[in-house]
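Trainee: Below is the file data_10.txt, which contains compact mmCIF, C-alpha atoms and all ligand atoms.
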```
# COMPACT_ATOMS: atom_id res chain seq x y z
CA MET A 1 -50.53 -47.96 -28.72
CA ALA A 2 -51.85 -48.47 -25.16
CA LYS A 3 -54.06 -45.67 -23.82
CA ILE A 4 -53.14 -44.85 -20.23
CA VAL A 5 -55.11 -42.31 -18.23
CA ILE A 6 -53.85 -40.90 -14.93
CA ILE A 7 -56.04 -38.90 -12.56
CA GLY A 8 -54.05 -36.48 -10.38
CA GLY A 9 -50.94 -34.39 -11.08
CA SER A 10 -49.09 -34.52 -7.78
CA PHE A 11 -46.45 -36.86 -6.31
CA GLY A 12 -48.32 -39.96 -7.52
CA GLY A 13 -49.74 -38.81 -10.86
CA LEU A 14 -46.75 -36.82 -12.08
CA THR A 15 -44.23 -39.52 -11.18
CA THR A 16 -46.38 -42.17 -12.86
CA ALA A 17 -46.70 -40.10 -16.05
CA PHE A 18 -42.93 -39.55 -16.35
CA GLU A 19 -42.14 -43.17 -15.46
CA LEU A 20 -44.57 -44.59 -18.02
CA LYS A 21 -43.10 -42.41 -20.76
CA ARG A 22 -39.57 -43.34 -19.67
CA LEU A 23 -40.39 -47.07 -19.71
CA LEU A 24 -42.73 -47.21 -22.71
CA GLY A 25 -41.94 -44.23 -24.94
CA LYS A 26 -44.14 -44.36 -28.07
CA LYS A 27 -45.77 -47.64 -26.98
CA ALA A 28 -48.09 -45.63 -24.71
CA GLU A 29 -50.37 -42.63 -25.11
CA VAL A 30 -50.39 -41.10 -21.62
CA THR A 31 -52.97 -38.51 -20.52
CA VAL A 32 -53.10 -36.78 -17.13
CA PHE A 33 -56.39 -35.31 -15.88
CA CYS A 34 -55.99 -32.92 -12.98
CA ASP A 35 -58.27 -30.35 -11.40
CA ASP A 36 -55.22 -28.25 -10.49
CA ASP A 37 -53.01 -26.81 -13.24
CA LYS A 38 -50.01 -26.85 -10.89
CA PHE A 39 -47.81 -29.33 -9.09
CA VAL A 40 -47.48 -28.11 -5.50
CA PHE A 41 -44.58 -29.31 -3.35
CA ILE A 42 -46.90 -30.02 -0.41
CA PRO A 43 -44.16 -30.72 2.21
CA SER A 44 -43.29 -26.99 2.06
CA LEU A 45 -46.83 -25.82 2.91
CA PRO A 46 -45.98 -25.31 6.61
CA TRP A 47 -43.31 -22.85 5.38
CA ILE A 48 -45.99 -21.00 3.34
CA ALA A 49 -48.06 -20.75 6.54
CA MET A 50 -45.04 -19.32 8.37
CA GLY A 51 -44.26 -16.89 5.53
CA SER A 52 -40.83 -18.24 4.58
CA ARG A 53 -42.05 -19.44 1.13
CA LYS A 54 -44.31 -17.93 -1.53
CA ALA A 55 -46.50 -19.98 -3.90
CA GLY A 56 -44.12 -19.39 -6.83
CA ASP A 57 -41.22 -20.96 -4.87
CA ILE A 58 -42.89 -24.36 -4.58
CA THR A 59 -45.15 -24.79 -7.63
CA LEU A 60 -44.67 -25.91 -11.24
CA LEU A 61 -47.17 -25.55 -14.10
CA LEU A 62 -48.14 -29.07 -15.16
CA LYS A 63 -48.89 -28.53 -18.87
CA PRO A 64 -45.39 -27.53 -20.07
CA ILE A 65 -43.48 -30.07 -17.99
CA LEU A 66 -45.78 -32.92 -19.07
CA GLU A 67 -46.02 -31.95 -22.74
CA ARG A 68 -42.23 -31.71 -23.00
CA LYS A 69 -42.18 -35.43 -22.22
CA GLY A 70 -44.98 -36.28 -24.66
CA VAL A 71 -47.76 -36.56 -22.07
CA THR A 72 -51.15 -34.92 -22.75
CA PHE A 73 -52.43 -32.72 -19.92
CA VAL A 74 -56.14 -32.04 -19.42
CA HIS A 75 -56.98 -29.44 -16.78
CA GLU A 76 -60.33 -30.94 -15.80
CA VAL A 77 -61.86 -32.61 -12.79
CA ALA A 78 -62.69 -36.31 -13.18
CA LYS A 79 -66.33 -36.62 -12.13
CA GLY A 80 -66.42 -40.39 -12.10
CA ILE A 81 -65.04 -43.68 -13.39
CA ASP A 82 -66.97 -46.36 -15.24
CA ALA A 83 -64.58 -49.20 -14.45
CA ASP A 84 -66.72 -51.83 -16.23
CA ALA A 85 -66.52 -49.82 -19.47
CA SER A 86 -62.92 -48.59 -18.78
CA LYS A 87 -63.81 -44.89 -19.06
CA VAL A 88 -63.07 -41.75 -17.06
CA LEU A 89 -65.95 -39.28 -17.05
CA THR A 90 -65.50 -35.51 -16.98
CA ALA A 91 -67.93 -32.65 -17.60
CA THR A 92 -66.88 -32.47 -21.28
CA ARG A 93 -65.82 -35.98 -22.28
CA GLU A 94 -65.63 -39.70 -21.74
CA ALA A 95 -61.99 -40.77 -21.81
CA PRO A 96 -61.52 -44.47 -22.61
CA TYR A 97 -58.44 -46.21 -21.25
CA ASP A 98 -56.57 -49.52 -21.45
CA TYR A 99 -55.01 -48.72 -18.07
CA LEU A 100 -56.06 -46.23 -15.42
CA VAL A 101 -53.91 -44.92 -12.58
CA ILE A 102 -55.77 -43.23 -9.74
CA ALA A 103 -53.58 -40.72 -7.87
CA THR A 104 -56.28 -38.41 -6.55
CA GLY A 105 -54.98 -38.01 -2.99
CA PRO A 106 -57.50 -37.32 -0.22
CA HIS A 107 -60.80 -35.62 0.34
CA LEU A 108 -60.19 -33.55 3.50
CA ALA A 109 -63.12 -34.52 5.72
CA PHE A 110 -63.68 -31.29 7.67
CA GLU A 111 -67.41 -32.10 7.70
CA GLU A 112 -66.79 -34.91 10.24
CA VAL A 113 -66.19 -32.43 13.12
CA PRO A 114 -68.57 -29.48 13.52
CA GLY A 115 -66.72 -26.18 13.29
CA LEU A 116 -63.53 -27.69 11.84
CA GLY A 117 -61.67 -26.11 8.95
CA PRO A 118 -61.07 -22.75 7.32
CA GLU A 119 -64.04 -22.67 4.94
CA LYS A 120 -67.05 -23.51 7.07
CA GLY A 121 -65.40 -23.65 10.49
CA HIS A 122 -63.10 -21.76 12.83
CA THR A 123 -59.71 -23.45 12.46
CA GLU A 124 -56.92 -22.98 9.95
CA CYS A 125 -55.45 -25.82 7.91
CA ILE A 126 -52.18 -26.12 5.95
CA PHE A 127 -52.95 -29.09 3.67
CA THR A 128 -53.49 -27.17 0.41
CA LEU A 129 -51.74 -24.13 -1.01
CA GLU A 130 -54.84 -21.94 -0.59
CA GLN A 131 -55.26 -23.06 3.03
CA ALA A 132 -51.60 -22.45 3.85
CA GLU A 133 -51.75 -18.94 2.32
CA ARG A 134 -54.86 -18.23 4.39
CA ALA A 135 -53.14 -19.64 7.50
CA ASN A 136 -50.26 -17.22 6.88
CA LYS A 137 -52.68 -14.27 6.92
CA ALA A 138 -54.22 -15.58 10.17
CA TRP A 139 -50.72 -15.97 11.67
CA ASN A 140 -49.76 -12.37 10.79
CA LYS A 141 -53.00 -11.12 12.33
CA PHE A 142 -52.44 -13.26 15.44
CA LEU A 143 -49.00 -11.69 15.92
CA GLU A 144 -50.66 -8.28 16.36
CA THR A 145 -52.53 -9.57 19.45
CA PRO A 146 -50.91 -12.85 20.56
CA GLY A 147 -52.98 -15.22 22.74
CA PRO A 148 -53.56 -18.95 23.27
CA LEU A 149 -52.77 -21.26 20.35
CA VAL A 150 -54.11 -24.80 19.81
CA THR A 151 -52.91 -27.15 17.12
CA GLY A 152 -52.98 -30.87 16.40
CA SER A 153 -54.94 -33.67 14.77
CA VAL A 154 -58.57 -34.67 15.18
CA GLN A 155 -59.83 -38.27 15.34
CA GLY A 156 -59.26 -40.37 12.23
CA VAL A 157 -56.25 -38.34 11.01
CA SER A 158 -53.58 -40.22 9.09
CA CYS A 159 -51.20 -37.38 8.14
CA PHE A 160 -49.76 -36.47 11.55
CA GLY A 161 -46.46 -34.77 10.62
CA PRO A 162 -47.71 -31.30 9.58
CA PRO A 163 -49.22 -30.31 12.97
CA TYR A 164 -45.91 -31.28 14.65
CA GLU A 165 -44.00 -29.12 12.18
CA TYR A 166 -46.47 -26.27 12.64
CA ALA A 167 -46.28 -26.41 16.47
CA PHE A 168 -42.46 -26.45 16.56
CA GLU A 169 -42.08 -23.79 13.84
CA ILE A 170 -44.55 -21.52 15.66
CA ASP A 171 -42.71 -22.06 18.95
CA THR A 172 -39.35 -21.26 17.32
CA GLU A 173 -40.68 -18.12 15.64
CA LEU A 174 -42.40 -16.84 18.80
CA ARG A 175 -39.13 -17.27 20.73
CA ARG A 176 -37.24 -15.49 17.95
CA ARG A 177 -39.65 -12.57 18.32
CA LYS A 178 -39.33 -12.80 22.14
CA ILE A 179 -43.10 -13.14 22.63
CA ARG A 180 -43.37 -16.86 23.41
CA HIS A 181 -44.47 -16.02 26.99
CA LYS A 182 -47.61 -14.39 25.57
CA VAL A 183 -48.77 -17.59 23.86
CA PRO A 184 -49.95 -20.62 25.88
CA MET A 185 -49.66 -23.52 23.44
CA VAL A 186 -51.61 -26.81 23.47
CA PHE A 187 -51.01 -29.75 21.12
CA VAL A 188 -54.13 -31.93 20.86
CA THR A 189 -53.89 -35.28 19.11
CA SER A 190 -55.85 -38.47 18.53
CA GLU A 191 -52.57 -40.44 18.76
CA PRO A 192 -52.26 -42.58 21.93
CA TYR A 193 -48.91 -40.86 22.62
CA VAL A 194 -46.91 -38.10 20.93
CA GLY A 195 -44.50 -39.58 18.39
CA HIS A 196 -46.93 -42.39 17.45
CA MET A 197 -47.46 -40.76 14.02
CA GLY A 198 -50.08 -43.33 12.97
CA VAL A 199 -47.43 -46.03 12.55
CA GLY A 200 -47.10 -47.25 16.14
CA GLY A 201 -44.09 -44.95 16.78
CA LEU A 202 -40.56 -45.24 15.42
CA ALA A 203 -37.52 -46.14 17.56
CA ASN A 204 -37.52 -43.72 20.55
CA SER A 205 -40.00 -41.25 18.95
CA LYS A 206 -42.32 -41.34 22.00
CA ARG A 207 -39.63 -40.34 24.49
CA MET A 208 -38.03 -37.80 22.14
CA MET A 209 -41.30 -36.06 21.30
CA GLU A 210 -42.41 -36.02 24.96
CA ASP A 211 -39.08 -34.36 25.86
CA GLU A 212 -39.33 -31.92 22.97
CA PHE A 213 -42.83 -30.73 23.91
CA ALA A 214 -41.77 -30.45 27.59
CA LYS A 215 -38.60 -28.50 26.64
CA ARG A 216 -40.66 -26.09 24.55
CA ASP A 217 -43.37 -25.73 27.20
CA ILE A 218 -46.13 -26.97 24.88
CA LYS A 219 -48.89 -28.81 26.74
CA THR A 220 -49.95 -32.08 25.08
CA MET A 221 -53.30 -33.89 25.16
CA VAL A 222 -53.23 -37.40 23.66
CA SER A 223 -56.06 -39.85 22.76
CA ALA A 224 -58.16 -36.73 22.33
CA ALA A 225 -61.36 -36.67 20.27
CA VAL A 226 -62.76 -33.30 19.25
CA GLU A 227 -66.52 -32.88 19.77
CA GLU A 228 -66.80 -29.49 18.07
CA ILE A 229 -65.04 -26.21 17.52
CA VAL A 230 -66.79 -22.93 18.20
CA PRO A 231 -65.26 -19.48 17.65
CA GLY A 232 -62.27 -19.23 20.01
CA GLU A 233 -62.75 -22.65 21.69
CA VAL A 234 -61.97 -26.32 21.01
CA ARG A 235 -64.40 -28.68 22.78
CA LEU A 236 -63.21 -32.23 23.38
CA LYS A 237 -65.53 -35.22 23.77
CA ASP A 238 -64.38 -35.66 27.41
CA GLY A 239 -65.72 -32.18 28.24
CA THR A 240 -62.38 -30.32 28.17
CA ARG A 241 -62.62 -26.78 26.76
CA ILE A 242 -59.49 -25.18 25.27
CA PRO A 243 -59.57 -21.48 24.34
CA PHE A 244 -57.64 -20.17 21.34
CA GLY A 245 -56.73 -17.01 19.47
CA LEU A 246 -55.33 -19.13 16.61
CA SER A 247 -55.91 -22.79 15.86
CA MET A 248 -54.73 -25.17 13.14
CA PHE A 249 -55.99 -28.75 12.95
CA ALA A 250 -55.32 -31.62 10.56
CA PRO A 251 -58.57 -33.19 9.34
CA ALA A 252 -59.31 -36.88 8.75
CA MET A 253 -59.11 -38.01 5.13
CA LYS A 254 -61.37 -40.01 2.81
CA GLY A 255 -61.21 -41.02 -0.84
CA VAL A 256 -62.32 -38.28 -3.27
CA PRO A 257 -65.95 -38.66 -4.47
CA ALA A 258 -65.04 -39.50 -8.08
CA VAL A 259 -63.20 -42.71 -7.12
CA ALA A 260 -64.72 -43.61 -3.73
CA HIS A 261 -67.08 -46.21 -5.27
CA LEU A 262 -64.03 -48.33 -6.15
CA GLY A 263 -62.79 -48.27 -2.55
CA ASN A 264 -63.46 -49.35 1.04
CA PRO A 265 -66.14 -47.66 3.21
CA ARG A 266 -63.88 -44.57 3.55
CA GLY A 267 -63.29 -44.50 -0.20
CA PHE A 268 -59.65 -45.68 -0.09
CA ILE A 269 -58.83 -48.13 -2.83
CA PRO A 270 -57.68 -51.68 -2.05
CA VAL A 271 -54.70 -52.78 -4.15
CA ASP A 272 -52.22 -55.65 -4.36
CA GLY A 273 -48.44 -55.46 -3.90
CA ARG A 274 -48.01 -53.79 -7.30
CA TYR A 275 -50.86 -51.30 -6.68
CA ARG A 276 -53.34 -53.06 -8.97
CA HIS A 277 -57.00 -52.81 -7.98
CA ALA A 278 -58.35 -55.88 -6.19
CA LYS A 279 -61.21 -56.32 -8.74
CA TYR A 280 -60.43 -54.23 -11.85
CA LYS A 281 -57.10 -55.52 -13.16
CA ASN A 282 -56.48 -52.59 -15.52
CA VAL A 283 -56.92 -50.06 -12.69
CA PHE A 284 -54.01 -49.07 -10.43
CA CYS A 285 -53.97 -46.73 -7.45
CA VAL A 286 -51.00 -45.02 -5.77
CA GLY A 287 -50.43 -42.57 -2.92
CA VAL A 288 -52.94 -41.25 -0.43
CA ALA A 289 -55.89 -42.61 -2.46
CA MET A 290 -54.95 -46.27 -1.77
CA ALA A 291 -55.92 -48.25 1.35
CA ILE A 292 -53.52 -49.33 4.12
CA ALA A 293 -54.91 -50.92 7.30
CA PRO A 294 -53.65 -49.38 10.60
CA PRO A 295 -51.02 -51.41 12.52
CA GLU A 296 -53.06 -51.45 15.74
CA GLN A 297 -56.35 -50.26 17.14
CA THR A 298 -55.86 -47.03 19.05
CA PRO A 299 -58.32 -45.81 21.75
CA VAL A 300 -59.25 -42.91 19.44
CA PRO A 301 -59.15 -43.87 15.73
CA THR A 302 -55.99 -43.00 13.78
CA GLY A 303 -54.94 -43.84 10.21
CA VAL A 304 -51.64 -44.73 8.54
CA PRO A 305 -49.84 -41.84 6.77
CA LYS A 306 -48.95 -42.21 3.10
CA THR A 307 -46.04 -39.87 2.58
CA GLY A 308 -44.64 -38.32 -0.58
CA TYR A 309 -41.68 -40.71 -0.44
CA MET A 310 -44.02 -43.71 -0.18
CA THR A 311 -46.19 -42.32 -2.99
CA VAL A 312 -43.23 -41.98 -5.38
CA ARG A 313 -42.16 -45.57 -4.59
CA MET A 314 -45.71 -46.78 -5.27
CA ALA A 315 -45.86 -44.82 -8.55
CA LYS A 316 -42.61 -46.40 -9.75
CA THR A 317 -43.77 -49.94 -8.94
CA ALA A 318 -47.22 -49.40 -10.53
CA SER A 319 -45.61 -47.93 -13.68
CA ALA A 320 -43.22 -50.88 -13.96
CA ALA A 321 -46.16 -53.30 -13.55
CA ILE A 322 -48.15 -51.58 -16.32
CA ALA A 323 -45.08 -51.47 -18.57
CA SER A 324 -44.42 -55.17 -18.01
CA ASP A 325 -48.07 -55.97 -18.93
CA ILE A 326 -47.74 -54.00 -22.17
CA ILE A 327 -44.28 -55.21 -23.18
CA GLY A 328 -44.88 -58.75 -21.94
CA SER A 329 -41.87 -58.83 -19.61
CA SER A 330 -41.79 -60.21 -16.07
CA PRO A 331 -43.51 -57.97 -13.49
CA PRO A 332 -41.49 -55.91 -10.95
CA ALA A 333 -40.78 -57.31 -7.48
CA GLU A 334 -43.34 -56.52 -4.78
CA ILE A 335 -41.32 -54.29 -2.44
CA PRO A 336 -42.72 -53.77 1.09
CA ILE A 337 -43.37 -50.05 1.56
CA ASP A 338 -40.89 -48.23 3.76
CA VAL A 339 -40.81 -44.57 4.67
CA VAL A 340 -38.11 -41.91 4.92
CA CYS A 341 -39.18 -38.47 6.10
CA LEU A 342 -37.64 -35.22 7.33
CA MET A 343 -39.75 -33.28 9.84
CA ASP A 344 -38.91 -29.60 10.30
CA MET A 345 -38.97 -28.21 13.83
CA GLY A 346 -38.09 -24.58 13.17
CA ASP A 347 -34.62 -24.55 14.73
CA THR A 348 -33.83 -28.23 14.17
CA ALA A 349 -35.39 -31.24 12.43
CA VAL A 350 -35.94 -34.98 12.72
CA TYR A 351 -34.98 -37.73 10.29
CA MET A 352 -37.37 -40.68 10.35
CA LYS A 353 -36.97 -44.03 8.70
CA ALA A 354 -39.27 -47.01 9.08
CA SER A 355 -38.60 -50.12 7.04
CA PRO A 356 -41.18 -51.45 6.48
CA VAL A 357 -43.59 -48.68 7.43
CA LEU A 358 -45.59 -50.87 9.81
CA PRO A 359 -44.07 -52.92 12.66
CA PRO A 360 -42.39 -55.37 13.12
CA ARG A 361 -39.52 -53.65 11.33
CA GLN A 362 -36.07 -54.40 10.07
CA GLU A 363 -35.04 -50.77 10.66
CA SER A 364 -36.52 -47.93 12.69
CA VAL A 365 -34.81 -44.53 13.07
CA PHE A 366 -35.87 -41.26 14.72
CA ARG A 367 -32.93 -38.85 14.97
CA GLU A 368 -32.72 -35.12 15.57
CA GLY A 369 -30.21 -32.59 14.17
CA ILE A 370 -29.99 -29.18 12.46
CA TRP A 371 -28.41 -30.82 9.38
CA PHE A 372 -31.72 -32.63 8.73
CA ARG A 373 -33.31 -29.17 8.39
CA TRP A 374 -30.71 -28.23 5.78
CA GLY A 375 -31.40 -31.59 4.12
CA LYS A 376 -35.12 -30.81 3.95
CA ILE A 377 -34.44 -27.43 2.31
CA GLY A 378 -32.04 -29.09 -0.18
CA PHE A 379 -34.55 -31.85 -0.93
CA GLU A 380 -37.27 -29.31 -1.77
CA ARG A 381 -34.97 -27.71 -4.40
CA TYR A 382 -33.86 -31.12 -5.74
CA PHE A 383 -37.38 -32.57 -6.06
CA LEU A 384 -38.74 -29.48 -7.84
CA TRP A 385 -35.77 -29.57 -10.26
CA LYS A 386 -36.32 -33.30 -10.87
CA MET A 387 -40.04 -32.82 -11.62
CA ARG A 388 -39.45 -29.68 -13.75
CA ASN A 389 -37.20 -31.80 -15.96
CA GLY A 390 -39.27 -34.99 -15.83
CA LEU A 391 -36.36 -36.98 -14.39
CA SER A 392 -38.44 -39.50 -12.46
CA GLY A 393 -35.78 -42.17 -12.95
CA LEU A 394 -33.48 -40.38 -10.48
CA PRO A 395 -33.72 -41.37 -6.78
C1 LIG A 401 -48.81 -30.18 4.99
C2 LIG A 401 -48.23 -31.49 4.52
C3 LIG A 401 -46.88 -31.73 4.69
C4 LIG A 401 -46.33 -32.95 4.25
N1 LIG A 401 -44.99 -33.18 4.41
C5 LIG A 401 -44.44 -34.29 3.91
C6 LIG A 401 -43.03 -34.53 4.02
O1 LIG A 401 -42.29 -33.73 4.61
N2 LIG A 401 -42.52 -35.65 3.45
C7 LIG A 401 -43.32 -36.56 2.80
O2 LIG A 401 -42.79 -37.56 2.30
N3 LIG A 401 -44.65 -36.39 2.70
C8 LIG A 401 -45.23 -35.28 3.24
N4 LIG A 401 -46.57 -35.10 3.14
C9 LIG A 401 -47.40 -36.10 2.44
C10 LIG A 401 -47.38 -35.88 0.93
O3 LIG A 401 -47.69 -34.55 0.62
C11 LIG A 401 -48.37 -36.83 0.29
O4 LIG A 401 -47.95 -38.13 0.55
C12 LIG A 401 -48.45 -36.65 -1.22
O5 LIG A 401 -48.90 -35.36 -1.53
C13 LIG A 401 -49.39 -37.69 -1.80
O6 LIG A 401 -49.41 -37.55 -3.19
P1 LIG A 401 -50.67 -38.04 -4.03
O7 LIG A 401 -50.28 -37.86 -5.45
O8 LIG A 401 -51.12 -39.37 -3.55
O9 LIG A 401 -51.86 -37.05 -3.61
P2 LIG A 401 -51.98 -35.43 -3.61
O10 LIG A 401 -50.64 -34.81 -3.42
O11 LIG A 401 -53.04 -35.12 -2.63
O12 LIG A 401 -52.48 -35.11 -5.06
C14 LIG A 401 -53.72 -35.46 -5.57
C15 LIG A 401 -53.88 -34.82 -6.93
O13 LIG A 401 -55.09 -35.25 -7.52
C16 LIG A 401 -55.84 -34.12 -7.98
N5 LIG A 401 -57.24 -34.54 -7.95
C17 LIG A 401 -57.97 -34.94 -6.88
N6 LIG A 401 -59.20 -35.29 -7.25
C18 LIG A 401 -59.27 -35.12 -8.59
C19 LIG A 401 -60.29 -35.32 -9.57
N7 LIG A 401 -61.50 -35.79 -9.23
N8 LIG A 401 -60.02 -35.02 -10.86
C20 LIG A 401 -58.79 -34.54 -11.23
N9 LIG A 401 -57.79 -34.34 -10.35
C21 LIG A 401 -58.02 -34.63 -9.05
C22 LIG A 401 -55.44 -33.02 -7.01
O14 LIG A 401 -55.67 -31.74 -7.52
C23 LIG A 401 -53.94 -33.30 -6.86
O15 LIG A 401 -53.22 -32.80 -7.96
C24 LIG A 401 -47.17 -33.90 3.63
C25 LIG A 401 -48.54 -33.68 3.48
C26 LIG A 401 -49.08 -32.48 3.94
C27 LIG A 401 -50.57 -32.23 3.77
```
Take the structure in this file and express it as structure tokens.
Mentor:
Amino acid sequence: MAKIVIIGGSFGGLTTAFELKRLLGKKAEVTVFCDDDKFVFIPSLPWIAMGSRKAGDITLLLKPILERKGVTFVHEVAKGIDADASKVLTATREAPYDYLVIATGPHLAFEEVPGLGPEKGHTECIFTLEQAERANKAWNKFLETPGPLVTGSVQGVSCFGPPYEYAFEIDTELRRRKIRHKVPMVFVTSEPYVGHMGVGGLANSKRMMEDEFAKRDIKTMVSAAVEEIVPGEVRLKDGTRIPFGLSMFAPAMKGVPAVAHLGNPRGFIPVDGRYRHAKYKNVFCVGVAMAIAPPEQTPVPTGVPKTGYMTVRMAKTASAAIASDIIGSSPPAEIPIDVVCLMDMGDTAVYMKASPVLPPRQESVFREGIWFRWGKIGFERYFLWKMRNGLSGLP
């Protein structure tokens, strides 16, 4: 029986675990190591920050849903990987593997900008459940004495969608409360233009996003690099000072320390078209932890987003490749990664499709409509139901 170890219990790790069991059944002993005992539906974190979701609405305990499918769950942090000896190292054990799947997501690199982030700095973030819950408290406090609000993405960011969602949801909610006129809003981004999203834009995303920010009276600053953040003020490298009563910024990402030695200088792991490590052939990597080169050099550095949709596609291909190795069947086709994403905007939403994710593309769509918001709400329910029941084979 092949021993397969997966590190990470989110979009990448959970999907891989269910897929491997579906494809291999008793031919594989699958173990998931995760430092979180829950699966969190991360796309709903902006809604936690706005108060329209509670943690229990968007989380699933990993142990019962994995064990029901015959997967062992270990609630432990992986401290390192000895890839030459094929072992994962934790504080209590050395776990040998025949195959390893790394699905550890990102290290959020707040340390790269002085004053950035909720723990050691002065800005909120909505990238983890704890951060989003904290951001909700800050939002409720801010509503007592509204003032200037700054949001956006610092240099090196690759996950650009959440600050857009946050800005538009805040704008919608302030208008609903009839206090929008008390809140000057600035959207600061390292992108060369709004709607770039780290993928060189999609269809008419530049024009649509410029119109949307203008319509909502949100000032934008593009190709911006943040020098530092001090209490109540964002300081840009070009000398601009922007005051705030509330601020939320996306940080740049790196590979997590336990796996970074297998990756590029930022710790992201190079893989082939089936997500197999460039050097260690029994190591696979899916999701945010893997490396994708940006489509173009931007004046201020930006990275390529790896969305949940992309991560699930990667996990399915990697699982099929491992299964074909074990069974001895022909490997799965190498499918170019495309992306489908729904971005909430409070009172409307945008549907994005880029196929493949980086230009030149066969298909590129950026379309707005309230029904995409309903679709996003429906998808949240559907995905949580699918994961609760281990039905990774469904679309
Ligand atoms: C606010 C926000 C909104 C988003 N909205 C969307 C959206 O609308 N649509 C979309 O498609 N995508 C969206 N994304 C992107 C999506 O969430 C990611 O693509 C997805 O979470 C990536 O999954 P992953 O498994 O690669 O990594 P993650 O989800 O980051 O999971 C990594 C897992 O590894 C665990 N881990 C890390 N290090 C260790 C270790 N050393 N030992 C053990 N366990 C470890 C973590 O606890 C976690 O369980 C959003 C992202 C954010 C932050």
Trainee: So which one's closest to ligand LIG 401 (chain A), A:Glu67, A:Glu165, A:Glu133, A:Asp238? Using only C-alpha atoms and all ligand atoms, please.
Mentor: A:Glu165
Trainee: I'd like a table as a Markdown table: residues in chain A with an atom no more than 7 Å from ligand LIG 401 (chain A), each row giving the shortest atom pair and its distance in Å to one decimal, only C-alpha atoms and all ligand atoms counted, sorted by chain and rising residue number.
Mentor:
```
| residue | atom | partner | partner_atom | distance |
| --- | --- | --- | --- | --- |
| A:Ile7 | CA | A:LIG401 | C20 | 5.3 |
| A:Gly8 | CA | A:LIG401 | O13 | 3.3 |
| A:Gly9 | CA | A:LIG401 | O15 | 4.2 |
| A:Ser10 | CA | A:LIG401 | O7 | 4.2 |
| A:Phe11 | CA | A:LIG401 | O7 | 4.1 |
| A:Gly12 | CA | A:LIG401 | O7 | 3.5 |
| A:Gly13 | CA | A:LIG401 | O7 | 5.5 |
| A:Phe33 | CA | A:LIG401 | C20 | 5.3 |
| A:Cys34 | CA | A:LIG401 | N9 | 3.5 |
| A:Asp35 | CA | A:LIG401 | N9 | 4.2 |
| A:Asp36 | CA | A:LIG401 | O14 | 4.6 |
| A:Phe39 | CA | A:LIG401 | O15 | 6.5 |
| A:Ile42 | CA | A:LIG401 | O3 | 4.7 |
| A:Pro43 | CA | A:LIG401 | N1 | 3.4 |
| A:Ser44 | CA | A:LIG401 | C3 | 6.5 |
| A:Leu45 | CA | A:LIG401 | C1 | 5.2 |
| A:Pro46 | CA | A:LIG401 | C1 | 5.9 |
| A:Glu76 | CA | A:LIG401 | C20 | 6.0 |
| A:Val77 | CA | A:LIG401 | N8 | 3.6 |
| A:Ala78 | CA | A:LIG401 | N8 | 3.8 |
| A:Lys79 | CA | A:LIG401 | N7 | 5.7 |
| A:Ala103 | CA | A:LIG401 | O7 | 5.0 |
| A:Thr104 | CA | A:LIG401 | O13 | 3.5 |
| A:Gly105 | CA | A:LIG401 | O9 | 3.3 |
| A:Pro106 | CA | A:LIG401 | O11 | 5.5 |
| A:Ile126 | CA | A:LIG401 | C1 | 5.4 |
| A:Phe127 | CA | A:LIG401 | C27 | 3.9 |
| A:Thr128 | CA | A:LIG401 | C27 | 6.7 |
| A:Cys159 | CA | A:LIG401 | C25 | 6.5 |
| A:Gly161 | CA | A:LIG401 | N1 | 6.6 |
| A:Pro162 | CA | A:LIG401 | C1 | 4.9 |
| A:Val256 | CA | A:LIG401 | N6 | 5.9 |
| A:Ala258 | CA | A:LIG401 | N7 | 5.3 |
| A:Val286 | CA | A:LIG401 | O8 | 6.1 |
| A:Gly287 | CA | A:LIG401 | O8 | 3.3 |
| A:Val288 | CA | A:LIG401 | O8 | 4.1 |
| A:Ala289 | CA | A:LIG401 | O8 | 5.9 |
| A:Lys306 | CA | A:LIG401 | O4 | 4.9 |
| A:Thr307 | CA | A:LIG401 | O4 | 3.3 |
| A:Gly308 | CA | A:LIG401 | O4 | 3.5 |
| A:Tyr309 | CA | A:LIG401 | O2 | 4.3 |
| A:Met310 | CA | A:LIG401 | O2 | 6.7 |
| A:Thr311 | CA | A:LIG401 | C13 | 5.8 |
| A:Val340 | CA | A:LIG401 | O2 | 6.9 |
| A:Cys341 | CA | A:LIG401 | N2 | 5.1 |
| A:Leu342 | CA | A:LIG401 | O1 | 5.6 |
| A:Met343 | CA | A:LIG401 | O1 | 5.8 |
```
Trainee: Can you list, as a PyMOL selection string, every protein, DNA or RNA residue that comes within 9 Å of A:Lys120 when you count only C-alpha atoms, leaving out same-chain residues fewer than 3 positions away?
Mentor: chain A and resi 110-111+114-117
Trainee: Closest to A:Thr317 among A:Tyr382, A:Gly393, A:Ala109, A:Lys206, using all atoms listed in the file?
Mentor: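 Checking each candidate against A:Thr317, we get A:Gly393 as the closest.
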Trainee: Using only C-alpha atoms for the distances, tell me which of A:Ile102, A:Pro148, A:Thr72, A:Met345 is nearest to A:Tyr166.
Mentor: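 Answer, going by the shortest atom-to-atom distance: A:Met345.
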Trainee: What gap, in Å, lies between atom CA of A:Arg93 and atom CA of A:Lys38?
Mentor: 21.5 Å
Trainee: For stretch 41-52 of chain A, I'd like the enclosing box, axis-aligned and padded by 3 Å on every side, reported as JSON with centre and edge lengths in Å to one decimal.
Mentor:
```
{"center_x": -44.4, "center_y": -23.8, "center_z": 2.5, "size_x": 13.2, "size_y": 19.8, "size_z": 17.7}
```
